[in-house]
Amino acid sequence: MEQRSATGGAADAGEPAGATGRLSTQQVAELLGVKVATVYAYASRGLLSSERVPGGKGSTFDAREVDALAAGQRRRLPRSPGSEPAVSPGSAPGLPPIEPVTVRTALTLIEDGRLYYRGVDAVRLAEHCGFEAVVGWLWGVGADAAPGAPAGAGAAGGCGEDAVVLRAPGELVATLRRAGQLLPAAARLPDRLRVSAAVAATVDPLRFDLREENVRAVGAGLIAALVEALPSAAGAASGAGVGVGAGAGLASRAGAVPEADEFPAGASLAARLWTRLSPTAPTPGAVECLDRALVLLADHELAVSTVAARVAASARAHPYAVVSAGLGASDGPLHGAASALAYRMLGEVLAAGDAVPVVSEYLRTGVAIPGAGHRLYPAGDPRARALLEAMRQLPDAEGVLAAIEAVVRAIAGPRARAGDAANVDLALAAFAHLGGMAAEAGEVIFSVARTAGWLAHAMEEYREAPLRMRARGVYVGPAVGGSG
């Protein structure tokens, strides 16, 4: 039987599409030999473009695109006249076309200057729920509960019974600590996280079990182990106060042999992490503030590290490898390590007692001012606003917060407010200074928190077709030589 093209001609190889026309959804389904639902799936994935029927229900489709799809060709992405195609138009015979990937996620939404985790404002979650409860929310624990918020949100002491217990097997923590002792004394804490993720994989022979219940169990143990395997901050140089010598004890702390400590039963992850970042006991409210930071940083839609994690999951890499991919992508000054740059700038302001000369030097040298603004939040980063507001309740926070305000005024004018111009990297830097932590503390907080998000995205990606995150390059190198 002769197959007809969408434009009315015979679908012979190489025949161009005919005159432009529109087809109904049912017509497209019949021409392609698929169900109507599949046609809509093609549209959602960018293979076909649809237009709503004026004044009625349903959609119409470009007949030429249907022709191209029927011939096994993928739709070319829009491009300016004279430019090269953005992607290759086909794929190997017998394989589905390599498609532009649209990542559909039920995890995180950034809209109208606000951040949502599974439909709930992340700032609200940070105010009412601990990190463990929010991990459960992102991981779909108790997903059959009433939608809108984690069960029990806002209740004193937690967010209901769907919180994930973040505990690591003692043998795993001991193994990771022994591995850590082999590293150079000056090894950075973020480097130790990467080593721990890799070593943890080697002692789990069932790491390729990608069932969600196993990924959750692995993730809960890994997040806790990453924290507990870090060296204790106790013994760092004394006098590491706000903005003064906070990083002075970095080498001695990073190289210290961790104590064989046992955390109190029920100690939150934030309480355990504090002991790894600060050599001093937490002031009232400090651990709660750290817990809030963990919640606010748990996920951020498709940030570059999350894309890396999903690419690894698309190849069916195990959860440890997914986390390693995320940690690798975050190890740069434009992502996870951005707070360290803000920390150093803020330290200069605190030492000088004036933000203007510090900001002026950044402007003079053409160096981007760290911690200022976020392209996804033109009216201000809600995570920074929430974290800075929480810090106002901490003892002795006035000096650091005043320095933040001074930086923002120097950048954006005398009427600017910190909550409108500072991003979460600058807020993390302020928290690290206030807690007597080293410059790398913000990166550690980011990485520990975002591990929960990476694993949530991995669980989503494991449900998708494998290897779908395959991009195509546009070759711009030397022309291929002729046979002569």
# chains A, B, ... in the order shown; residues from 1 in each chain; ligands from 1

$ residues_around --residues "Pro264 (chain A)" --least-positions-apart "6" --cutoff "12 Å" --atoms "only C-alpha atoms" --output "PyMOL selection string"
chain A and resi 167+271-272

$ write_last_selection --atoms "N, CA, C and O atoms" --output "PDB file, in the first residue's frame"
ATOM      1  N   ARG A 167      20.743   8.858  58.269  1.00  0.00           N
ATOM      2  CA  ARG A 167      21.724   8.166  59.113  1.00  0.00           C
ATOM      3  C   ARG A 167      22.601   7.277  58.244  1.00  0.00           C
ATOM      4  O   ARG A 167      22.107   6.619  57.321  1.00  0.00           O
ATOM      5  N   ALA A 271      22.808  19.921  62.690  1.00  0.00           N
ATOM      6  CA  ALA A 271      23.616  19.908  63.912  1.00  0.00           C
ATOM      7  C   ALA A 271      24.934  19.176  63.693  1.00  0.00           C
ATOM      8  O   ALA A 271      25.987  19.592  64.185  1.00  0.00           O
ATOM      9  N   ARG A 272      24.884  18.080  62.949  1.00  0.00           N
ATOM     10  CA  ARG A 272      26.118  17.344  62.656  1.00  0.00           C
ATOM     11  C   ARG A 272      27.017  18.138  61.718  1.00  0.00           C
ATOM     12  O   ARG A 272      28.241  18.173  61.898  1.00  0.00           O
TER      13      ARG A 272
END

$ atom_distance --atom1 "CA of Asp62 (chain A)" --atom2 "CA of Leu48 (chain A)"
7.6 Å

$ residues_around --residues "Ala313 (chain A)" --least-positions-apart "5" --cutoff "12 Å" --atoms "only C-alpha atoms" --output "VMD selection string"
chain A and resid 208 210 215 306 to 308 318 to 326 454 to 469

$ closest_atom_pairs --of "region 256-359 of chain A" --to "region 114-126 of chain A" --cutoff "7 Å" --atoms "only C-alpha atoms" --output "Markdown table"
| residue | atom | partner | partner_atom | distance |
| --- | --- | --- | --- | --- |
| A:Arg292 | CA | A:Ala126 | CA | 5.1 |
| A:Val295 | CA | A:Ala126 | CA | 5.6 |
| A:Leu296 | CA | A:Ala122 | CA | 6.3 |

$ residues_around --residues "Ala220 (chain A)" --least-positions-apart "2" --cutoff "8 Å" --atoms "only C-alpha atoms" --output "list in words"
Val164, Val165, Leu166, Arg167, Ala168, Arg216, Ala217, Val218, Leu222, Ile223 and Ala224 of chain A

$ residues_around --residues "region 389-403 of chain A" --least-positions-apart "4" --cutoff "12 Å" --atoms "only C-alpha atoms" --output "MDAnalysis selection string"
chainID A and resid 123 126:127 241:244 282:293 296 342:343 345:356 358:359 382:385 407:410 417:419 422 426:436

$ residues_around --residues "region 175-180 of chain A" --least-positions-apart "2" --cutoff "8 Å" --atoms "only C-alpha atoms" --output "number ranges by chain"
A: 171-173, 182-183, 192, 195-196, 199-200, 225, 229-231, 258

$ write_last_selection --atoms "all heavy atoms" --output "compact mmCIF listing (two decimals), in the first residue's frame"
# COMPACT_ATOMS: atom_id res chain seq x y z
N GLU A 171 30.01 1.52 59.72
CA GLU A 171 31.12 0.96 58.96
C GLU A 171 31.45 1.81 57.74
O GLU A 171 32.63 2.00 57.41
CB GLU A 171 30.77 -0.47 58.52
CG GLU A 171 31.91 -1.19 57.80
CD GLU A 171 31.55 -2.61 57.44
OE1 GLU A 171 30.51 -3.11 57.92
OE2 GLU A 171 32.31 -3.24 56.67
N LEU A 172 30.41 2.36 57.09
CA LEU A 172 30.65 3.22 55.93
C LEU A 172 31.37 4.49 56.35
O LEU A 172 32.34 4.92 55.70
CB LEU A 172 29.33 3.57 55.25
CG LEU A 172 29.40 4.61 54.12
CD1 LEU A 172 30.31 4.13 53.00
CD2 LEU A 172 28.00 4.93 53.59
N VAL A 173 30.91 5.12 57.43
CA VAL A 173 31.56 6.35 57.90
C VAL A 173 33.02 6.07 58.25
O VAL A 173 33.91 6.87 57.91
CB VAL A 173 30.80 6.93 59.10
CG1 VAL A 173 31.54 8.14 59.67
CG2 VAL A 173 29.39 7.34 58.70
N LEU A 182 44.10 9.67 54.20
CA LEU A 182 45.15 9.49 53.20
C LEU A 182 45.34 10.72 52.33
O LEU A 182 46.32 10.79 51.58
CB LEU A 182 44.85 8.27 52.32
CG LEU A 182 44.72 6.93 53.06
CD1 LEU A 182 44.33 5.83 52.07
CD2 LEU A 182 46.02 6.58 53.77
N LEU A 183 44.41 11.66 52.40
CA LEU A 183 44.50 12.86 51.58
C LEU A 183 45.50 13.85 52.16
O LEU A 183 45.80 13.81 53.37
CB LEU A 183 43.12 13.53 51.48
CG LEU A 183 42.02 12.70 50.81
CD1 LEU A 183 40.70 13.45 50.85
CD2 LEU A 183 42.40 12.36 49.37
N ARG A 192 37.07 16.60 49.70
CA ARG A 192 36.80 15.42 50.54
C ARG A 192 35.41 14.86 50.27
O ARG A 192 35.20 13.64 50.32
CB ARG A 192 36.99 15.78 52.01
CG ARG A 192 38.44 16.06 52.37
CD ARG A 192 38.63 16.57 53.79
NE ARG A 192 40.05 16.78 54.04
CZ ARG A 192 40.90 15.85 54.47
NH1 ARG A 192 40.45 14.63 54.72
NH2 ARG A 192 42.17 16.14 54.65
N VAL A 195 35.72 12.74 47.13
CA VAL A 195 36.39 11.47 47.41
C VAL A 195 35.45 10.53 48.14
O VAL A 195 35.35 9.33 47.83
CB VAL A 195 37.68 11.71 48.22
CG1 VAL A 195 38.25 10.39 48.73
CG2 VAL A 195 38.71 12.45 47.38
N SER A 196 34.71 11.06 49.11
CA SER A 196 33.79 10.22 49.87
C SER A 196 32.71 9.61 48.99
O SER A 196 32.36 8.43 49.15
CB SER A 196 33.15 11.04 51.00
OG SER A 196 34.09 11.32 52.02
N VAL A 199 34.37 6.76 47.03
CA VAL A 199 34.72 5.61 47.87
C VAL A 199 33.47 4.88 48.33
O VAL A 199 33.43 3.64 48.38
CB VAL A 199 35.58 6.07 49.06
CG1 VAL A 199 35.80 4.92 50.04
CG2 VAL A 199 36.92 6.62 48.58
N ALA A 200 32.43 5.63 48.66
CA ALA A 200 31.19 5.00 49.13
C ALA A 200 30.64 4.04 48.07
O ALA A 200 30.09 2.98 48.41
CB ALA A 200 30.16 6.06 49.48
N ALA A 225 26.62 10.26 55.48
CA ALA A 225 28.03 9.85 55.48
C ALA A 225 28.94 10.97 54.97
O ALA A 225 30.05 11.16 55.49
CB ALA A 225 28.21 8.60 54.64
N ALA A 229 31.76 11.98 57.68
CA ALA A 229 33.13 11.60 57.35
C ALA A 229 34.07 12.80 57.28
O ALA A 229 35.29 12.62 57.26
CB ALA A 229 33.16 10.85 56.02
N LEU A 230 33.53 14.01 57.26
CA LEU A 230 34.40 15.19 57.25
C LEU A 230 35.11 15.31 58.59
O LEU A 230 34.57 14.93 59.63
CB LEU A 230 33.56 16.45 57.00
CG LEU A 230 32.98 16.61 55.60
CD1 LEU A 230 32.05 17.83 55.56
CD2 LEU A 230 34.09 16.76 54.55
N PRO A 231 36.32 15.87 58.60
CA PRO A 231 37.02 16.07 59.87
C PRO A 231 36.25 17.04 60.76
O PRO A 231 35.62 17.97 60.28
CB PRO A 231 38.36 16.67 59.44
CG PRO A 231 38.51 16.34 58.00
CD PRO A 231 37.13 16.28 57.44
N PRO A 258 39.61 12.77 62.36
CA PRO A 258 38.31 12.96 62.98
C PRO A 258 38.18 12.17 64.27
O PRO A 258 38.74 11.08 64.42
CB PRO A 258 37.33 12.45 61.92
CG PRO A 258 38.13 11.75 60.90
CD PRO A 258 39.57 12.12 61.08

$ select_by_dssp --residues "region 237-446 of chain A" --states "helix (DSSP H, G or I)" --output "ChimeraX atom specification"
/A:250-255,269-277,286-296,304-314,319-330,338-352,356-365,382-391,398-412,418-421,424-434,441-446

$ atom_distance --atom1 "CA of Tyr40 (chain A)" --atom2 "CA of Val304 (chain A)"
28.5 Å

$ atom_distance --atom1 "CA of Asp162 (chain A)" --atom2 "CA of Asn214 (chain A)"
16.5 Å

$ closest_atom_pairs --of "region 278-314 of chain A" --to "region 136-143 of chain A" --cutoff "12 Å" --atoms "only C-alpha atoms" --output "Markdown table"
| residue | atom | partner | partner_atom | distance |
| --- | --- | --- | --- | --- |
| A:Val295 | CA | A:Leu138 | CA | 10.5 |
| A:Ala298 | CA | A:Leu138 | CA | 8.7 |
| A:Asp299 | CA | A:Leu138 | CA | 8.7 |
| A:His300 | CA | A:Leu138 | CA | 11.7 |
| A:Glu301 | CA | A:Leu138 | CA | 11.9 |

$ write_last_selection --atoms "N, CA and C atoms" --output "PDB file, in the first residue's frame"
ATOM      1  N   VAL A 295      17.578  23.703  53.438  1.00  0.00           N
ATOM      2  CA  VAL A 295      16.291  23.598  52.755  1.00  0.00           C
ATOM      3  C   VAL A 295      16.257  24.489  51.518  1.00  0.00           C
ATOM      4  N   ALA A 298      18.241  23.010  48.549  1.00  0.00           N
ATOM      5  CA  ALA A 298      18.068  21.591  48.222  1.00  0.00           C
ATOM      6  C   ALA A 298      17.880  21.355  46.726  1.00  0.00           C
ATOM      7  N   ASP A 299      17.268  22.290  46.028  1.00  0.00           N
ATOM      8  CA  ASP A 299      17.100  22.128  44.581  1.00  0.00           C
ATOM      9  C   ASP A 299      16.908  23.504  43.967  1.00  0.00           C
ATOM     10  N   HIS A 300      17.197  23.615  42.674  1.00  0.00           N
ATOM     11  CA  HIS A 300      17.024  24.896  41.982  1.00  0.00           C
ATOM     12  C   HIS A 300      16.793  24.654  40.502  1.00  0.00           C
ATOM     13  N   GLU A 301      15.790  23.815  40.232  1.00  0.00           N
ATOM     14  CA  GLU A 301      15.413  23.483  38.859  1.00  0.00           C
ATOM     15  C   GLU A 301      16.605  22.876  38.124  1.00  0.00           C
TER      16      GLU A 301
END
